[in-house]
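Undergrad: Following this message is one structure expressed as C-alpha cells.
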Amino acid sequence: MLRAAVICGLGGYEPEAIVTNDMLAEELDTSDEWIRTRTGVGQRHIAGAHQSTGDLAIEAAARALSSAGLTQVDAVVLATATPDFSCPATAPRVAARLGMSGVMAFDISAVCTGFVYGLAVASSLITAGVVHSVLLIGADTFTRTLDPGDRSTRALFGDGAGAVVLRSGDSAEPGALLGFDLGSDGSLAGLLMTPAVTHEERANQQSTSFFSMDGRAVFNEAVNHMTESVQQILKAVGWEVRDVDRLVPHQANTRILAAVADQLDIPFERVVSNLSEVGNTVAASIPLALVYGHGAGSLQEGDRVVLTGFGAGLTWGSVALRWPRIV
C-alpha cells in the first residue's frame with residue numbers, strides 16, 4: 001500500500017461571545033433579512049478582547065489531540081491570516097503551550113484556503129517520512145481586520161478555530177488524504193486584501209488597514225475556481241461527481257456554496273454547511289464545518305468526501321478522502 005497521511009483526530013472551538021444579525025442591526029443600516037438573504041449568516045462568534053488567535057488555536061488543538069488519543073505529535077502547523085505577531089510565527093508558541101516544545105512548528109498563510117494548503121503540507125511531511133504525525137490548526141480572529149462601519153464584511157465574518165491530527169498510514173485506510181489540487185493567481189490579489197500601512201499613513205488618514213473585498217468579482221472567481229478544482233481532484237482520484245457523498249466547501253456565503261453545488265450538479269443536501277451559525281471563519285471555516293458535519297451525523301465513516309476552498313491571494317484548492325471513524 002502507498003504511504004499516506006490519515007486524519008485520526010478532530011476538534012473545534014468557537015468563542016463564547018455571539019453577535020446575532022439583530023445585534024448588528026442596532027449598530028448598522030442592516031437587518032436580519034438583509035444579511036440572511038445575501039450571506040446565509042444568522043450569527044457569528046467573536047473572540048474576547050483578551051483572546052488571541054493562538055488562544056483559539058490551543059482550544060481547538062487540545063480537542064483534536066484528545067479525539068486522537070494523543071498528547072504529542074511531531075509537527076504543529078497553523079494556518080492563519082491573523083497571527084498573534086508579525087514575527088515570530090504563532091505556531092511555535094501554540095506548540096509550547098500544548099507541552100510540545102522542541103517539535104517542528106510553523107505558520108502558513110493562504111487565508112480561506114489555508115486549511116487545504118495545510119493538509120497538503122502535512123501530507124507531504126508525512127509521506128516523505130520527515131514526520132509521523134502532524135497537528136494542523138486553522139484559526140483566525142478575522143473580525144479584528146474589519147471596518148466597524150462596513151455592513152457587508154461585518155455581517156459575513158466570525159472568529160474561530162478548527163484542528164485535525166494526521167498520522168502516517170496507508171492510502172486504503174478511511175481518513176487517508178487521496179490527492180490534492182492547488183492553485184493561485186496573484187494578479188487578482190486586490191480583490192480581497194488587508195493592506196499593510198505605516199503608522200503615519202493611518203494617523204494622517206491617508207490609508208486604512210481594514211480588510212476590503214470586491215464582492216461581485218470575488219463571487220465569480222470563487223465559484224469558478226472551486227468548481228474547477230473539485231473537477232480536477234475528482235479526475236485525479238478517479239471519482240465521478242455521483243460518487244461524492246459530501247462536499248465540504250469553505251463557508252464563504254450561501255450563494256457561493258449553492259452556485260458551486262449547482263455547477264457541479266451535486267444536490268445541495270450533500271453540502272455540509274454551518275454558515276448560519278458561525279459565518280465565514282477564514283482558515284477555521286473548513287475544519288469547523290467538519291466538526292459540525294461529524295457532530296450532526298452527516299459525515300459517516302467511509303463516505304467519499306471532497307473539501308474545497310477559495311481565498312485571498314487569490315488561492316484555491318481541493319482534497320479528496322474517505323471519512324474516518326472519529327471519536
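Identifiers in the C-alpha cells: chain A, B, ... in order shown; residue index from 1 per chain; ligand index from 1 in order shown.
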Can you tell me which residues surround segment 285-293 of chain A at a distance of at most 6 Å, considering only C-alpha atoms, apart from same-chain residues fewer than 3 positions away, and format the answer as a PyMOL selection string?

TA: chain A and resi 12+162+250-251+274+281-282+296+298-299

Undergrad: According to DSSP computed on the backbone, where in segment 129-300 of chain A is there strand (DSSP E or B)? Give the residues as a PyMOL selection string.

TA: chain A and resi 133-140+157+160-170+176-184+192-193+212-213+246-249+271+280

Undergrad: Considering only C-alpha atoms, return as a PyMOL selection string whatever protein or nucleic-acid residues lie within 10 Å of Gln300 of chain A, sequence-local ones (same chain, fewer than 4 positions apart) excluded.

TA: chain A and resi 245-246+293-294+296+304-305+322-326

Undergrad: Using N, CA, C and O atoms, can you export the residues from the last selection as a PDB file, in the first residue's frame?

TA:
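As written to disk, again09.pdb reads:
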```
ATOM      1  N   ASP A 245     -20.169  11.688  -1.654  1.00  0.00           N
ATOM      2  CA  ASP A 245     -21.222  11.641  -0.634  1.00  0.00           C
ATOM      3  C   ASP A 245     -21.407  12.992   0.038  1.00  0.00           C
ATOM      4  O   ASP A 245     -22.525  13.391   0.367  1.00  0.00           O
ATOM      5  N   ARG A 246     -20.281  13.702   0.275  1.00  0.00           N
ATOM      6  CA  ARG A 246     -20.350  15.000   0.930  1.00  0.00           C
ATOM      7  C   ARG A 246     -19.311  15.950   0.343  1.00  0.00           C
ATOM      8  O   ARG A 246     -18.152  15.597   0.163  1.00  0.00           O
ATOM      9  N   GLY A 293     -20.320  18.757  10.726  1.00  0.00           N
ATOM     10  CA  GLY A 293     -20.824  17.615   9.964  1.00  0.00           C
ATOM     11  C   GLY A 293     -20.691  16.308  10.715  1.00  0.00           C
ATOM     12  O   GLY A 293     -21.584  15.456  10.682  1.00  0.00           O
ATOM     13  N   HIS A 294     -19.565  16.154  11.423  1.00  0.00           N
ATOM     14  CA  HIS A 294     -19.356  14.943  12.224  1.00  0.00           C
ATOM     15  C   HIS A 294     -20.369  14.875  13.360  1.00  0.00           C
ATOM     16  O   HIS A 294     -21.006  13.835  13.596  1.00  0.00           O
ATOM     17  N   ALA A 296     -23.279  16.316  13.559  1.00  0.00           N
ATOM     18  CA  ALA A 296     -24.646  16.196  13.060  1.00  0.00           C
ATOM     19  C   ALA A 296     -24.926  14.839  12.431  1.00  0.00           C
ATOM     20  O   ALA A 296     -26.074  14.523  12.103  1.00  0.00           O
ATOM     21  N   ARG A 304     -17.292   9.181   0.800  1.00  0.00           N
ATOM     22  CA  ARG A 304     -16.373   9.870  -0.094  1.00  0.00           C
ATOM     23  C   ARG A 304     -16.602  11.372   0.078  1.00  0.00           C
ATOM     24  O   ARG A 304     -17.703  11.872  -0.171  1.00  0.00           O
ATOM     25  N   VAL A 305     -15.556  12.066   0.512  1.00  0.00           N
ATOM     26  CA  VAL A 305     -15.673  13.482   0.880  1.00  0.00           C
ATOM     27  C   VAL A 305     -14.668  14.304   0.080  1.00  0.00           C
ATOM     28  O   VAL A 305     -13.515  13.906  -0.096  1.00  0.00           O
ATOM     29  N   ARG A 322     -11.720   9.529   2.130  1.00  0.00           N
ATOM     30  CA  ARG A 322     -12.846   8.789   2.699  1.00  0.00           C
ATOM     31  C   ARG A 322     -12.900   9.113   4.178  1.00  0.00           C
ATOM     32  O   ARG A 322     -11.882   9.076   4.871  1.00  0.00           O
ATOM     33  N   TRP A 323     -14.096   9.436   4.668  1.00  0.00           N
ATOM     34  CA  TRP A 323     -14.216   9.906   6.042  1.00  0.00           C
ATOM     35  C   TRP A 323     -13.853   8.789   7.023  1.00  0.00           C
ATOM     36  O   TRP A 323     -14.309   7.652   6.890  1.00  0.00           O
ATOM     37  N   PRO A 324     -13.033   9.119   8.031  1.00  0.00           N
ATOM     38  CA  PRO A 324     -12.601   8.109   9.003  1.00  0.00           C
ATOM     39  C   PRO A 324     -13.577   7.966  10.160  1.00  0.00           C
ATOM     40  O   PRO A 324     -14.544   8.732  10.285  1.00  0.00           O
ATOM     41  N   ARG A 325     -13.290   7.004  11.011  1.00  0.00           N
ATOM     42  CA  ARG A 325     -14.016   6.896  12.280  1.00  0.00           C
ATOM     43  C   ARG A 325     -13.369   7.872  13.243  1.00  0.00           C
ATOM     44  O   ARG A 325     -12.179   7.785  13.531  1.00  0.00           O
ATOM     45  N   ILE A 326     -14.148   8.834  13.730  1.00  0.00           N
ATOM     46  CA  ILE A 326     -13.653   9.859  14.647  1.00  0.00           C
ATOM     47  C   ILE A 326     -14.322   9.681  15.999  1.00  0.00           C
ATOM     48  O   ILE A 326     -15.550   9.550  16.087  1.00  0.00           O
TER      49      ILE A 326
END
```

Undergrad: Would you list the contacts of Asp243 of chain A as a list in words, taking every protein, DNA or RNA residue within 12 Å and counting only C-alpha atoms, but skipping same-chain residues closer than 4 positions in sequence?

TA: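 In the requested format, the answer is Leu234, Lys235, Val237, Gly238, Trp239, Leu247, Asp265, Ile266, Arg270, Gly302, Asp303, Arg304, Val305, Val306, Ala320, Leu321 and Arg322 of chain A.
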
Undergrad: Since we have the selection now, will you write its residues out, keeping C-alpha atoms, as a compact mmCIF listing (two decimals), in the first residue's frame?

TA:
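again.txt written:
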```
# COMPACT_ATOMS: atom_id res chain seq x y z
CA LEU A 234 -12.26 14.03 -8.91
CA LYS A 235 -10.37 13.29 -12.11
CA VAL A 237 -8.62 10.20 -7.77
CA GLY A 238 -10.88 8.51 -10.32
CA TRP A 239 -14.24 9.51 -8.83
CA LEU A 247 -18.90 18.26 -0.35
CA ASP A 265 -24.56 19.06 -10.26
CA ILE A 266 -24.28 18.00 -6.62
CA ARG A 270 -24.88 16.75 0.18
CA GLY A 302 -16.36 5.54 4.62
CA ASP A 303 -18.12 8.49 2.97
CA ARG A 304 -16.37 9.87 -0.09
CA VAL A 305 -15.67 13.48 0.88
CA VAL A 306 -14.24 16.42 -1.05
CA ALA A 320 -10.37 14.08 -1.51
CA LEU A 321 -10.65 11.49 1.24
CA ARG A 322 -12.85 8.79 2.70
```

Undergrad: Name the residues in contact with Val77 of chain A at a cut-off of 6 Å, using only C-alpha atoms, excluding same-chain residues fewer than 3 positions from it; report them as an MDAnalysis selection string.

TA: chainID A and resid 105:107 136

Undergrad: When you look at Gly309 of chain A with a cut-off of 10 Å (counting only C-alpha atoms), what residues show up, excluding the ones that are within fewer than 3 positions of it in the same chain? I need them as a list of chain:residue names.

TA: A:Val111, A:Cys112, A:Thr113, A:Gly114, A:Phe115, A:Val116, A:Tyr117, A:Leu182, A:Ala222, A:His225, A:Met226, A:Thr227, A:Ser229, A:Val230, A:Val248, A:Pro249, A:His250, A:Gln251, A:Ala252, A:Val282, A:Ala283, A:Ser285, A:Ile286, A:Thr315, A:Trp316, A:Gly317, A:Ser318, A:Val319

Undergrad: Name the closest residue to Ile256 of chain A among the candidates A:Ala57, A:Thr39, A:Gln51, A:Arg63; distances are taken between atoms, counting only C-alpha atoms.

TA: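 Of A:Ala57, A:Thr39, A:Gln51, A:Arg63, the one nearest Ile256 of chain A is A:Thr39, counting only C-alpha atoms.
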
Undergrad: I'd like the contact shell of segment 17-25 of chain A - 6 Å cut-off, only C-alpha atoms, skipping same-chain residues fewer than 5 positions apart - returned as a PDB file with C-alpha atoms, in the first residue's frame.

TA:
```pdb
ATOM      1  CA  THR A  30     -28.946  46.467   8.030  1.00  0.00           C
ATOM      2  CA  SER A  31     -31.437  43.828   9.112  1.00  0.00           C
ATOM      3  CA  ASP A  32     -31.634  40.110   9.789  1.00  0.00           C
ATOM      4  CA  GLY A  42     -27.575  34.231  11.205  1.00  0.00           C
ATOM      5  CA  GLN A  43     -24.919  34.830  13.849  1.00  0.00           C
ATOM      6  CA  ARG A  44     -21.170  34.837  14.336  1.00  0.00           C
ATOM      7  CA  HIS A  45     -18.813  34.156  17.263  1.00  0.00           C
ATOM      8  CA  ILE A  46     -16.414  36.931  18.258  1.00  0.00           C
TER       9      ILE A  46
END
```

Undergrad: For atom CA of Ala61 of chain A and atom CA of Glu269 of chain A, quote the distance in Å rounded to one decimal.

TA: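 Here the two named atoms are 29.3 Å from each other.
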
Undergrad: Pick out the closest residue to Ile108 of chain A from this set: A:Leu78, A:Leu28, A:Ala161, A:Val134. Count only C-alpha atoms.

TA: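 Using only C-alpha atoms, the shortest distance to Ile108 of chain A belongs to A:Leu78.
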